[in-house]
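First the structure, in the form of structure tokens, and then the observations on it.
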Amino acid sequence: MKFVVSSSVLLKQLSAINGVVSTNPIVPILENFLFKLDGNTLTVTASDLQTVMITEIEVEAGDKGAIAVPAKLLLDTLRGLPEQPITFNVDEETFGTEIVSDNGRYKLSGENPIDFPKTPSVNRGQSVELSSASLGTAISNTIFATSTDDLRPAMTGVFVQIGAENATFVATDGHRLVRYRRTDIKASSDTSMIIQRKALNLLKSCLPSEDLAVKAEFTASNAFFSFGNIRMICRLIDERFPDYENAIPTNNPNTLTINRAEMLNSLKRISIYSNRTTHQVRLKMTLNDLSISAEDLDYSNEANERLMCEYNGDDMEIGFNAKFLIEILSNLTCKNVTFELSAPNRAGLIIPVEQEENEDILMLVMPVMLNTYA
């Protein structure tokens with residue numbers, strides 16, 4: 001098997017799918033890219049058994065064949081080469097691969113392509129088309145709130161509900177919850193699934209900067225995404241997602257509206273003085289006045305700041321984990337946010353004041369009990 005390809009084109013496409021490749025996979029063959037040549041089309045596959053990414057590259061060839069090539073060794077080689085045509089010569093009996101450049105030859109040992117896992121196929125799944133910008137925004141607004149606790153697998157992914165009127169993306173780790181809804185993503189029939197965090201991170205990283213159409217298809221066990229010359233197949237999390245709607249408080253008479261950047265910067269400064277275990281900060285609200293404070297009794301550290309705001313409701317003091325508030329506010333892009341609160345022991349809602357026409361963002365954060373220090 002022999003083909004010629006641009007070194008920079010091959011490097012770009014392999015880098016787009018390389019995130020799937022694990023450093024210490026369960027099956028050694030997964031340290032490789034699977035190359036399949038058919039005429040002038042080279043199909044490259046990377047897999048970790050849970051997620052598969054595939055890209056197609058136009059090459060100069062006329063052969064057919066397949067080979068599994070060590071991913072790290074090949075990428076390190078390509079990164080060191082200047083832009084030029086390179087030739088791959090593959091011995092399909094010994095699986096030895098030779099790369100020939102303008103001024104060098106590189107030999108590496110491949111593996112039998114038969115050992116590479118089979119790629120799942122779409123079988124009468126639900127299909128929806130959406131823009132890459134909408135998908136990227138939905139992922140960015142939710143993925144940070146997923147759990148890292150493998151004992152609660154349902155919460156380690158993003159719950160997606162697609163219906164005739166909108167699509168809803170939900171993530172929670174038990175301490176905070178994000179519900180992101182878009183009215184410009186719709187499907188003919190209702191469907192729901194939990195998509196793995198790793199797969200969504202990989203998908204987000206390879207979405208194009210220009211706004212392209214992304215085709216998404218879903219079966220009972222897998223999700224399929226395709227755009228440009230990239231395809232991704234990821235196994236869905238087969239668990240029941242928590243009933244998030246009941247976790248969202250509906251009666252929140254106390255409302256605080258404030259500049260997002262000002263509050264974010266204040267929290268970053270104040271959190272330095274918070275308890276190192278609880279990361280607790282206190283928000284004390286009175287008419288058009290917000291006081292943010294923190295203290296660490298173990299080290300006699302404390303800090304407080306006052307910010308101008310619009311506050312309507314009863315005077316109130318509530319504690320939050322500063323890390324959660326900072327992460328939520330950092331992932332928003334709006335100018336102002338509104339906090340909707342009911343009581344110091346009940347969850348607070350954070351809602352962007354400025355939102356796009358087709359989106360509805362709601363973020364929930366659980367309080368930290370006041371006067372509790374580790």
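Just so we're on the same page: first chain in the structure tokens is A, next is B, and so on; residues restart at 1 for each chain, and ligands are numbered from 1 in the order they show up.
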List every residue of segment 142-221 of chain A that DSSP, applied to the backbone, labels as helix (DSSP H, G or I), and write the result as a tab-separated table (two decimals) with all heavy atoms, in the first residue's frame.
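Listed below is the output, selection33.tsv:
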chain	number	residue	atom	x	y	z
A	142	THR	N	-22.63	24.28	29.66
A	142	THR	CA	-23.09	23.20	30.53
A	142	THR	C	-21.97	22.29	31.04
A	142	THR	O	-22.01	21.84	32.19
A	142	THR	CB	-24.12	22.31	29.81
A	142	THR	OG1	-23.58	21.89	28.54
A	142	THR	CG2	-25.42	23.06	29.58
A	143	ILE	N	-20.97	22.04	30.23
A	143	ILE	CA	-20.02	20.96	30.54
A	143	ILE	C	-19.24	21.21	31.83
A	143	ILE	O	-18.86	20.26	32.53
A	143	ILE	CB	-19.07	20.74	29.34
A	143	ILE	CG1	-18.41	19.37	29.44
A	143	ILE	CG2	-18.04	21.85	29.22
A	143	ILE	CD1	-17.78	18.90	28.16
A	144	PHE	N	-19.01	22.46	32.19
A	144	PHE	CA	-18.24	22.75	33.41
A	144	PHE	C	-18.96	22.30	34.67
A	144	PHE	O	-18.34	22.13	35.73
A	144	PHE	CB	-17.93	24.25	33.49
A	144	PHE	CG	-19.11	25.11	33.81
A	144	PHE	CD1	-19.44	25.43	35.12
A	144	PHE	CD2	-19.91	25.59	32.78
A	144	PHE	CE1	-20.54	26.21	35.41
A	144	PHE	CE2	-21.01	26.39	33.07
A	144	PHE	CZ	-21.33	26.70	34.38
A	145	ALA	N	-20.28	22.12	34.60
A	145	ALA	CA	-21.07	21.76	35.78
A	145	ALA	C	-21.27	20.25	35.93
A	145	ALA	O	-21.95	19.81	36.85
A	145	ALA	CB	-22.43	22.45	35.74
A	153	PRO	N	-22.63	7.96	37.69
A	153	PRO	CA	-22.30	8.09	36.26
A	153	PRO	C	-23.27	8.98	35.48
A	153	PRO	O	-22.86	9.63	34.52
A	153	PRO	CB	-22.34	6.64	35.75
A	153	PRO	CG	-23.08	5.87	36.80
A	153	PRO	CD	-22.83	6.56	38.08
A	154	ALA	N	-24.54	9.01	35.87
A	154	ALA	CA	-25.51	9.84	35.13
A	154	ALA	C	-25.13	11.31	35.16
A	154	ALA	O	-25.40	12.05	34.22
A	154	ALA	CB	-26.91	9.65	35.71
A	155	MET	N	-24.47	11.74	36.24
A	155	MET	CA	-24.14	13.16	36.40
A	155	MET	C	-22.76	13.51	35.82
A	155	MET	O	-22.34	14.66	35.88
A	155	MET	CB	-24.22	13.54	37.87
A	155	MET	CG	-25.65	13.43	38.41
A	155	MET	SD	-25.77	13.38	40.22
A	155	MET	CE	-25.26	15.03	40.65
A	156	THR	N	-22.06	12.51	35.25
A	156	THR	CA	-20.77	12.79	34.64
A	156	THR	C	-20.90	13.20	33.17
A	156	THR	O	-19.90	13.43	32.50
A	156	THR	CB	-19.83	11.57	34.73
A	156	THR	OG1	-20.42	10.47	34.00
A	156	THR	CG2	-19.60	11.15	36.17
A	197	ARG	N	-18.98	13.46	29.10
A	197	ARG	CA	-18.22	14.71	29.18
A	197	ARG	C	-17.02	14.69	28.23
A	197	ARG	O	-16.77	15.68	27.53
A	197	ARG	CB	-17.75	14.94	30.62
A	197	ARG	CG	-16.92	16.19	30.82
A	197	ARG	CD	-16.47	16.37	32.26
A	197	ARG	NE	-15.66	15.24	32.73
A	197	ARG	CZ	-16.08	14.36	33.64
A	197	ARG	NH1	-17.28	14.47	34.18
A	197	ARG	NH2	-15.31	13.36	34.01
A	198	LYS	N	-16.26	13.59	28.20
A	198	LYS	CA	-15.08	13.54	27.34
A	198	LYS	C	-15.46	13.71	25.88
A	198	LYS	O	-14.80	14.45	25.14
A	198	LYS	CB	-14.34	12.21	27.53
A	198	LYS	CG	-13.11	12.09	26.62
A	198	LYS	CD	-12.41	10.74	26.75
A	198	LYS	CE	-11.25	10.66	25.75
A	198	LYS	NZ	-10.52	9.36	25.83
A	199	ALA	N	-16.53	13.05	25.45
A	199	ALA	CA	-16.95	13.16	24.05
A	199	ALA	C	-17.33	14.59	23.70
A	199	ALA	O	-16.98	15.09	22.62
A	199	ALA	CB	-18.13	12.22	23.79
A	200	LEU	N	-18.03	15.27	24.60
A	200	LEU	CA	-18.43	16.65	24.33
A	200	LEU	C	-17.22	17.58	24.31
A	200	LEU	O	-17.17	18.52	23.50
A	200	LEU	CB	-19.44	17.12	25.38
A	200	LEU	CG	-20.82	16.46	25.28
A	200	LEU	CD1	-21.71	16.89	26.44
A	200	LEU	CD2	-21.50	16.82	23.96
A	201	ASN	N	-16.25	17.35	25.18
A	201	ASN	CA	-15.02	18.15	25.14
A	201	ASN	C	-14.29	17.98	23.81
A	201	ASN	O	-13.80	18.95	23.22
A	201	ASN	CB	-14.10	17.76	26.30
A	201	ASN	CG	-14.28	18.63	27.52
A	201	ASN	OD1	-14.52	19.83	27.41
A	201	ASN	ND2	-14.19	18.03	28.69
A	202	LEU	N	-14.20	16.74	23.34
A	202	LEU	CA	-13.56	16.47	22.06
A	202	LEU	C	-14.34	17.11	20.92
A	202	LEU	O	-13.75	17.69	19.99
A	202	LEU	CB	-13.45	14.96	21.83
A	202	LEU	CG	-12.48	14.20	22.73
A	202	LEU	CD1	-12.69	12.70	22.61
A	202	LEU	CD2	-11.05	14.57	22.38
A	203	LEU	N	-15.66	17.01	20.98
A	203	LEU	CA	-16.50	17.58	19.94
A	203	LEU	C	-16.33	19.10	19.88
A	203	LEU	O	-16.17	19.69	18.81
A	203	LEU	CB	-17.96	17.22	20.20
A	203	LEU	CG	-19.00	17.69	19.17
A	203	LEU	CD1	-18.69	17.11	17.79
A	203	LEU	CD2	-20.39	17.26	19.62
A	204	LYS	N	-16.34	19.73	21.05
A	204	LYS	CA	-16.18	21.18	21.11
A	204	LYS	C	-14.84	21.63	20.55
A	204	LYS	O	-14.75	22.62	19.82
A	204	LYS	CB	-16.32	21.65	22.56
A	204	LYS	CG	-16.16	23.15	22.75
A	204	LYS	CD	-16.11	23.50	24.22
A	204	LYS	CE	-15.72	24.96	24.41
A	204	LYS	NZ	-15.51	25.29	25.83
A	205	SER	N	-13.77	20.87	20.86
A	205	SER	CA	-12.43	21.28	20.44
A	205	SER	C	-12.22	21.17	18.93
A	205	SER	O	-11.38	21.87	18.37
A	205	SER	CB	-11.37	20.44	21.16
A	205	SER	OG	-11.45	19.08	20.76
A	206	CYS	N	-12.99	20.31	18.26
A	206	CYS	CA	-12.79	20.16	16.82
A	206	CYS	C	-13.88	20.82	15.98
A	206	CYS	O	-13.86	20.72	14.75
A	206	CYS	CB	-12.64	18.68	16.44
A	206	CYS	SG	-14.13	17.70	16.66
### Task
Tell me, as a ChimeraX atom specification, which residues lie within 8 Å of Asp190 of chain A, counting only C-alpha atoms; anything in the same chain fewer than 2 positions away does not count.
/A:161-164,187-188,192
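Using only C-alpha atoms, the contacts of Pro242 of chain A at a cut-off of 10 Å, with sequence neighbours closer than 4 positions omitted, comprise Ala154, Met155, Phe159, Ala171, Thr172, Gly174, Asn246 and Ala247 of chain A.
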### Task
Just the residues within 6 Å of segment 296-310 of chain A, please, counting only C-alpha atoms, with nothing from its chain fewer than 4 positions along; format it as a list of chain:residue names.
A:Leu256, A:Thr257, A:Ile258, A:Ile270, A:Tyr273, A:Ser274, A:Asn275, A:Asn288, A:Asp289, A:Leu290, A:Ser291, A:Ile292
Got time to write the residues from that selection, C-alpha atoms, as a short mmCIF file (atom, residue, chain, number, x, y, z; two decimals), in the first residue's frame?
data_model
loop_
_atom_site.label_atom_id
_atom_site.label_comp_id
_atom_site.auth_asym_id
_atom_site.auth_seq_id
_atom_site.Cartn_x
_atom_site.Cartn_y
_atom_site.Cartn_z
CA LEU A 256 -30.36 41.02 42.89
CA THR A 257 -29.18 42.47 39.55
CA ILE A 258 -25.50 43.33 39.23
CA ILE A 270 -12.53 37.93 48.43
CA TYR A 273 -9.46 34.99 52.30
CA SER A 274 -12.12 32.26 52.50
CA ASN A 275 -11.82 29.00 54.42
CA ASN A 288 -29.30 48.55 46.27
CA ASP A 289 -26.25 47.41 48.26
CA LEU A 290 -24.31 44.14 48.24
CA SER A 291 -21.62 43.24 50.75
CA ILE A 292 -19.34 40.30 49.88
#
### Message
I need the residues of segment 138-372 of chain A that end up classed as strand (DSSP E) by DSSP on the backbone, written out as an MDAnalysis selection string.
### Response
chainID A and resid 157:162 167:172 176:182 191:196 213:218 222:227 230:235 254:259 280:286 289:296 301:308 310:312 316:321 336:341 348:352 359:365
Using only C-alpha atoms, which residues sit within 12 Å of His279 of chain A once same-chain residues fewer than 5 positions away are excluded, as a short mmCIF file (atom, residue, chain, number, x, y, z; two decimals) with all heavy atoms, in the first residue's frame?
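part.cif, freshly written:
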data_model
loop_
_atom_site.label_atom_id
_atom_site.label_comp_id
_atom_site.auth_asym_id
_atom_site.auth_seq_id
_atom_site.Cartn_x
_atom_site.Cartn_y
_atom_site.Cartn_z
N LEU A 267 -15.40 38.58 43.72
CA LEU A 267 -15.37 37.23 44.28
C LEU A 267 -13.96 36.62 44.21
O LEU A 267 -13.53 35.93 45.13
CB LEU A 267 -16.36 36.33 43.53
CG LEU A 267 -17.83 36.54 43.85
CD1 LEU A 267 -18.71 35.83 42.83
CD2 LEU A 267 -18.15 36.03 45.26
N LYS A 268 -13.25 36.89 43.12
CA LYS A 268 -11.89 36.37 43.00
C LYS A 268 -10.99 36.94 44.08
O LYS A 268 -10.13 36.22 44.64
CB LYS A 268 -11.33 36.70 41.61
CG LYS A 268 -11.93 35.87 40.48
CD LYS A 268 -11.35 36.28 39.13
CE LYS A 268 -11.93 35.43 38.01
NZ LYS A 268 -11.41 35.83 36.67
N ILE A 270 -12.04 38.31 47.10
CA ILE A 270 -12.53 37.93 48.43
C ILE A 270 -12.25 36.45 48.72
O ILE A 270 -11.94 36.07 49.85
CB ILE A 270 -14.04 38.24 48.56
CG1 ILE A 270 -14.28 39.75 48.45
CG2 ILE A 270 -14.59 37.69 49.87
CD1 ILE A 270 -13.68 40.56 49.57
N SER A 271 -12.36 35.61 47.70
CA SER A 271 -12.21 34.16 47.92
C SER A 271 -10.82 33.79 48.42
O SER A 271 -10.63 32.73 49.01
CB SER A 271 -12.53 33.40 46.63
OG SER A 271 -11.58 33.71 45.61
N ILE A 272 -9.84 34.65 48.17
CA ILE A 272 -8.48 34.39 48.65
C ILE A 272 -8.48 34.26 50.18
O ILE A 272 -7.68 33.52 50.76
CB ILE A 272 -7.53 35.53 48.22
CG1 ILE A 272 -7.45 35.59 46.68
CG2 ILE A 272 -6.14 35.35 48.82
CD1 ILE A 272 -6.73 36.82 46.17
N TYR A 273 -9.41 34.95 50.84
CA TYR A 273 -9.46 34.99 52.30
C TYR A 273 -10.47 33.99 52.88
O TYR A 273 -10.69 33.97 54.08
CB TYR A 273 -9.80 36.41 52.77
CG TYR A 273 -8.73 37.41 52.43
CD1 TYR A 273 -8.68 38.00 51.17
CD2 TYR A 273 -7.74 37.74 53.35
CE1 TYR A 273 -7.69 38.91 50.84
CE2 TYR A 273 -6.75 38.64 53.03
CZ TYR A 273 -6.73 39.22 51.77
OH TYR A 273 -5.73 40.11 51.46
N SER A 274 -11.10 33.19 52.02
CA SER A 274 -12.12 32.26 52.50
C SER A 274 -11.48 31.02 53.10
O SER A 274 -10.29 30.74 52.89
CB SER A 274 -13.05 31.85 51.36
OG SER A 274 -12.35 31.12 50.38
N SER A 293 -18.24 39.10 51.68
CA SER A 293 -17.20 38.93 52.70
C SER A 293 -16.81 37.47 52.84
O SER A 293 -17.54 36.57 52.43
CB SER A 293 -17.69 39.46 54.06
OG SER A 293 -18.80 38.72 54.51
N ALA A 294 -15.63 37.27 53.41
CA ALA A 294 -15.15 35.91 53.69
C ALA A 294 -14.20 35.98 54.86
O ALA A 294 -13.57 37.02 55.13
CB ALA A 294 -14.43 35.35 52.46
N GLU A 295 -14.11 34.86 55.59
CA GLU A 295 -13.15 34.80 56.70
C GLU A 295 -12.69 33.37 56.89
O GLU A 295 -13.40 32.42 56.57
CB GLU A 295 -13.75 35.35 57.99
CG GLU A 295 -14.98 34.61 58.47
CD GLU A 295 -15.55 35.21 59.75
OE1 GLU A 295 -14.74 35.68 60.57
OE2 GLU A 295 -16.77 35.18 59.92
N ASP A 296 -11.48 33.24 57.37
CA ASP A 296 -10.90 31.94 57.67
C ASP A 296 -10.46 31.98 59.14
O ASP A 296 -9.41 32.55 59.47
CB ASP A 296 -9.72 31.65 56.75
CG ASP A 296 -9.19 30.23 56.91
OD1 ASP A 296 -9.56 29.58 57.91
OD2 ASP A 296 -8.42 29.78 56.05
N GLY A 319 -24.80 32.27 52.20
CA GLY A 319 -23.44 31.81 51.93
C GLY A 319 -23.38 30.92 50.71
O GLY A 319 -24.29 30.12 50.46
N PHE A 320 -22.31 31.07 49.91
CA PHE A 320 -22.10 30.23 48.74
C PHE A 320 -20.64 29.79 48.68
O PHE A 320 -19.76 30.44 49.27
CB PHE A 320 -22.43 30.98 47.44
CG PHE A 320 -23.89 31.21 47.20
CD1 PHE A 320 -24.41 32.50 47.25
CD2 PHE A 320 -24.75 30.15 46.94
CE1 PHE A 320 -25.76 32.72 47.02
CE2 PHE A 320 -26.10 30.36 46.71
CZ PHE A 320 -26.60 31.65 46.76
N ASN A 321 -20.39 28.71 47.97
CA ASN A 321 -19.03 28.29 47.67
C ASN A 321 -18.49 29.22 46.58
O ASN A 321 -19.03 29.27 45.48
CB ASN A 321 -19.03 26.83 47.19
CG ASN A 321 -17.64 26.30 46.95
OD1 ASN A 321 -16.80 26.94 46.34
ND2 ASN A 321 -17.39 25.07 47.41
N ALA A 322 -17.44 29.96 46.90
CA ALA A 322 -16.92 30.96 45.97
C ALA A 322 -16.46 30.33 44.65
O ALA A 322 -16.63 30.91 43.58
CB ALA A 322 -15.76 31.71 46.61
N LYS A 323 -15.90 29.11 44.71
CA LYS A 323 -15.42 28.45 43.50
C LYS A 323 -16.56 28.22 42.51
O LYS A 323 -16.39 28.40 41.30
CB LYS A 323 -14.76 27.11 43.85
CG LYS A 323 -13.44 27.25 44.60
CD LYS A 323 -12.88 25.89 45.00
CE LYS A 323 -12.52 25.07 43.79
NZ LYS A 323 -11.91 23.77 44.21
N PHE A 324 -17.73 27.84 43.04
CA PHE A 324 -18.87 27.59 42.15
C PHE A 324 -19.37 28.89 41.52
O PHE A 324 -19.68 28.94 40.33
CB PHE A 324 -20.00 26.89 42.92
CG PHE A 324 -19.66 25.50 43.38
CD1 PHE A 324 -20.28 24.94 44.48
CD2 PHE A 324 -18.71 24.74 42.71
CE1 PHE A 324 -19.97 23.66 44.91
CE2 PHE A 324 -18.38 23.45 43.13
CZ PHE A 324 -19.02 22.91 44.23
N LEU A 325 -19.48 29.93 42.34
CA LEU A 325 -19.94 31.22 41.80
C LEU A 325 -18.97 31.75 40.75
O LEU A 325 -19.39 32.24 39.69
CB LEU A 325 -20.09 32.24 42.93
CG LEU A 325 -21.26 32.08 43.89
CD1 LEU A 325 -21.27 33.22 44.90
CD2 LEU A 325 -22.59 32.04 43.14
N ILE A 326 -17.68 31.66 41.02
CA ILE A 326 -16.67 32.15 40.08
C ILE A 326 -16.74 31.39 38.76
O ILE A 326 -16.69 31.97 37.67
CB ILE A 326 -15.26 32.05 40.70
CG1 ILE A 326 -15.10 33.10 41.81
CG2 ILE A 326 -14.18 32.22 39.65
CD1 ILE A 326 -13.85 32.94 42.65
N PRO A 367 -26.64 26.71 48.42
CA PRO A 367 -25.98 27.56 49.43
C PRO A 367 -25.06 26.74 50.34
O PRO A 367 -25.19 25.52 50.42
CB PRO A 367 -27.14 28.14 50.20
CG PRO A 367 -28.20 27.08 50.12
CD PRO A 367 -28.05 26.46 48.77
N VAL A 368 -24.14 27.45 51.01
CA VAL A 368 -23.33 26.86 52.08
C VAL A 368 -23.85 27.44 53.38
O VAL A 368 -24.05 28.65 53.50
CB VAL A 368 -21.84 27.22 51.89
CG1 VAL A 368 -21.02 26.67 53.05
CG2 VAL A 368 -21.32 26.69 50.58
N MET A 369 -24.11 26.59 54.35
CA MET A 369 -24.65 27.06 55.62
C MET A 369 -23.70 28.06 56.27
O MET A 369 -22.49 27.82 56.36
CB MET A 369 -24.91 25.90 56.57
CG MET A 369 -26.00 24.95 56.08
SD MET A 369 -27.58 25.76 55.81
CE MET A 369 -28.03 26.17 57.49
N LEU A 370 -24.23 29.17 56.71
CA LEU A 370 -23.41 30.20 57.35
C LEU A 370 -22.88 29.72 58.70
O LEU A 370 -23.47 28.86 59.36
CB LEU A 370 -24.24 31.47 57.54
CG LEU A 370 -24.64 32.20 56.24
CD1 LEU A 370 -25.59 33.33 56.55
CD2 LEU A 370 -23.42 32.73 55.52
N THR A 372 -20.30 27.93 59.37
CA THR A 372 -19.74 26.58 59.42
C THR A 372 -18.37 26.62 58.78
O THR A 372 -18.19 27.03 57.66
CB THR A 372 -20.61 25.56 58.64
OG1 THR A 372 -20.75 25.99 57.28
CG2 THR A 372 -21.97 25.42 59.29
N TYR A 373 -17.39 26.20 59.53
CA TYR A 373 -16.01 26.21 59.05
C TYR A 373 -15.38 24.87 59.40
O TYR A 373 -15.65 24.29 60.44
CB TYR A 373 -15.20 27.33 59.68
CG TYR A 373 -15.76 28.69 59.36
CD1 TYR A 373 -16.64 29.32 60.25
CD2 TYR A 373 -15.45 29.31 58.16
CE1 TYR A 373 -17.17 30.55 59.95
CE2 TYR A 373 -15.99 30.55 57.85
CZ TYR A 373 -16.84 31.16 58.74
OH TYR A 373 -17.38 32.40 58.42
N ALA A 374 -14.52 24.41 58.49
CA ALA A 374 -13.86 23.12 58.73
C ALA A 374 -12.71 23.32 59.72
O ALA A 374 -12.16 24.36 59.83
CB ALA A 374 -13.32 22.55 57.42
#
#### Entry: Spatial neighbours of Asn123 of chain A, max dist 10 Å, only C-alpha atoms, sep filter under 6 positions, as a ChimeraX atom specification
/A:217-220
What would the file look like if the residues just selected were written as a PDB file, in the first residue's frame with all heavy atoms?
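Below you can see part.pdb, which holds the result:
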ATOM      1  N   GLU A 217     -27.209  12.374  14.977  1.00  0.00           N
ATOM      2  CA  GLU A 217     -28.119  11.230  14.947  1.00  0.00           C
ATOM      3  C   GLU A 217     -27.958  10.458  16.249  1.00  0.00           C
ATOM      4  O   GLU A 217     -26.855  10.350  16.778  1.00  0.00           O
ATOM      5  CB  GLU A 217     -27.812  10.335  13.744  1.00  0.00           C
ATOM      6  CG  GLU A 217     -27.987  11.045  12.407  1.00  0.00           C
ATOM      7  CD  GLU A 217     -27.491  10.193  11.252  1.00  0.00           C
ATOM      8  OE1 GLU A 217     -28.299   9.424  10.707  1.00  0.00           O
ATOM      9  OE2 GLU A 217     -26.304  10.301  10.912  1.00  0.00           O
ATOM     10  N   PHE A 218     -29.078   9.915  16.720  1.00  0.00           N
ATOM     11  CA  PHE A 218     -29.063   9.238  18.019  1.00  0.00           C
ATOM     12  C   PHE A 218     -29.777   7.903  17.922  1.00  0.00           C
ATOM     13  O   PHE A 218     -30.848   7.798  17.329  1.00  0.00           O
ATOM     14  CB  PHE A 218     -29.755  10.108  19.078  1.00  0.00           C
ATOM     15  CG  PHE A 218     -29.275  11.530  19.114  1.00  0.00           C
ATOM     16  CD1 PHE A 218     -30.012  12.542  18.524  1.00  0.00           C
ATOM     17  CD2 PHE A 218     -28.066  11.847  19.717  1.00  0.00           C
ATOM     18  CE1 PHE A 218     -29.561  13.853  18.541  1.00  0.00           C
ATOM     19  CE2 PHE A 218     -27.610  13.149  19.745  1.00  0.00           C
ATOM     20  CZ  PHE A 218     -28.366  14.154  19.158  1.00  0.00           C
ATOM     21  N   THR A 219     -29.157   6.895  18.513  1.00  0.00           N
ATOM     22  CA  THR A 219     -29.816   5.605  18.684  1.00  0.00           C
ATOM     23  C   THR A 219     -29.946   5.357  20.179  1.00  0.00           C
ATOM     24  O   THR A 219     -29.623   6.215  20.992  1.00  0.00           O
ATOM     25  CB  THR A 219     -28.996   4.474  18.033  1.00  0.00           C
ATOM     26  OG1 THR A 219     -27.742   4.364  18.718  1.00  0.00           O
ATOM     27  CG2 THR A 219     -28.736   4.764  16.560  1.00  0.00           C
ATOM     28  N   ALA A 220     -30.397   4.181  20.557  1.00  0.00           N
ATOM     29  CA  ALA A 220     -30.581   3.877  21.978  1.00  0.00           C
ATOM     30  C   ALA A 220     -29.253   3.851  22.729  1.00  0.00           C
ATOM     31  O   ALA A 220     -29.208   4.091  23.932  1.00  0.00           O
ATOM     32  CB  ALA A 220     -31.292   2.543  22.138  1.00  0.00           C
TER      33      ALA A 220
END
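Atom pair atom CA of Gly157 of chain A / atom CA of Tyr244 of chain A has a distance of 13.8 Å (rounded to one decimal).
Atom to atom, atom CA of Ile351 of chain A and atom CA of Ser131 of chain A stand 23.9 Å apart.
Closest to Thr168 of chain A among A:Asn251, A:Ala223, A:Asp149, A:Thr191 is A:Thr191, based on only C-alpha atoms.
Ranking A:Leu14, A:Met316, A:Ile361, A:Val5 by their shortest atom-to-atom distance to Pro253 of chain A, with only C-alpha atoms included, puts A:Met316 first.
If you look at atom CA of Asp243 of chain A and atom CA of Ile139 of chain A, they are 20.3 Å away from each other.
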#### Entry: Residue contacts of Thr119 of chain A (12 Å, only C-alpha atoms) excluding same-chain residues fewer than 5 positions away, as a ChimeraX atom specification
/A:34,44-54,222,224,231-235
Write out, as a short mmCIF file (atom, residue, chain, number, x, y, z; two decimals), in the first residue's frame, the residues just selected, with N, CA, C and O atoms.
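Everything below was put into part_35.cif:
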data_model
loop_
_atom_site.label_atom_id
_atom_site.label_comp_id
_atom_site.auth_asym_id
_atom_site.auth_seq_id
_atom_site.Cartn_x
_atom_site.Cartn_y
_atom_site.Cartn_z
N LEU A 34 -6.10 4.02 12.92
CA LEU A 34 -6.41 3.06 11.87
C LEU A 34 -6.46 3.79 10.53
O LEU A 34 -7.30 4.68 10.34
N VAL A 44 -9.08 7.92 8.42
CA VAL A 44 -8.30 7.70 9.64
C VAL A 44 -9.27 7.64 10.82
O VAL A 44 -10.11 8.52 11.00
N THR A 45 -9.12 6.58 11.65
CA THR A 45 -10.00 6.36 12.79
C THR A 45 -9.20 6.30 14.08
O THR A 45 -8.13 5.69 14.13
N ALA A 46 -9.74 6.96 15.13
CA ALA A 46 -9.16 6.88 16.48
C ALA A 46 -10.28 6.46 17.42
O ALA A 46 -11.43 6.89 17.27
N SER A 47 -9.96 5.65 18.43
CA SER A 47 -11.00 5.12 19.30
C SER A 47 -10.46 4.86 20.70
O SER A 47 -9.28 4.59 20.88
N ASP A 48 -11.36 4.97 21.69
CA ASP A 48 -11.02 4.53 23.06
C ASP A 48 -12.08 3.56 23.58
O ASP A 48 -12.25 3.39 24.78
N LEU A 49 -12.82 2.94 22.65
CA LEU A 49 -13.93 2.01 22.88
C LEU A 49 -15.24 2.74 23.23
O LEU A 49 -16.32 2.26 22.91
N GLN A 50 -15.16 3.88 23.91
CA GLN A 50 -16.35 4.65 24.24
C GLN A 50 -16.66 5.70 23.18
O GLN A 50 -17.82 5.99 22.88
N THR A 51 -15.61 6.28 22.61
CA THR A 51 -15.76 7.33 21.61
C THR A 51 -14.88 7.01 20.40
O THR A 51 -13.75 6.56 20.55
N VAL A 52 -15.42 7.25 19.21
CA VAL A 52 -14.69 7.03 17.97
C VAL A 52 -14.72 8.33 17.17
O VAL A 52 -15.78 8.95 17.03
N MET A 53 -13.56 8.75 16.65
CA MET A 53 -13.51 9.90 15.77
C MET A 53 -12.88 9.49 14.45
O MET A 53 -11.89 8.75 14.43
N ILE A 54 -13.47 9.98 13.35
CA ILE A 54 -13.05 9.58 12.01
C ILE A 54 -12.88 10.82 11.16
O ILE A 54 -13.71 11.74 11.21
N ASN A 222 -25.94 5.05 21.13
CA ASN A 222 -24.86 5.88 20.61
C ASN A 222 -25.38 7.21 20.06
O ASN A 222 -26.55 7.32 19.66
N PHE A 224 -24.20 10.15 17.12
CA PHE A 224 -23.35 10.33 15.94
C PHE A 224 -23.36 11.80 15.54
O PHE A 224 -24.43 12.40 15.40
N ARG A 231 -16.22 12.90 11.62
CA ARG A 231 -17.35 12.17 12.20
C ARG A 231 -16.98 11.72 13.61
O ARG A 231 -15.83 11.36 13.86
N MET A 232 -17.95 11.75 14.50
CA MET A 232 -17.74 11.26 15.86
C MET A 232 -18.89 10.34 16.25
O MET A 232 -20.05 10.64 15.99
N ILE A 233 -18.55 9.23 16.89
CA ILE A 233 -19.55 8.31 17.45
C ILE A 233 -19.19 8.14 18.91
O ILE A 233 -18.05 7.79 19.24
N CYS A 234 -20.14 8.38 19.80
CA CYS A 234 -19.85 8.20 21.23
C CYS A 234 -20.96 7.38 21.88
O CYS A 234 -22.14 7.53 21.56
N ARG A 235 -20.55 6.52 22.80
CA ARG A 235 -21.50 5.70 23.53
C ARG A 235 -22.21 6.56 24.57
O ARG A 235 -21.58 7.33 25.30
#
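Nearest to Arg179 of chain A of all the residues A:Ser134, A:Gln196, A:Asn166, A:Asn141 is A:Asn141, counting only C-alpha atoms.
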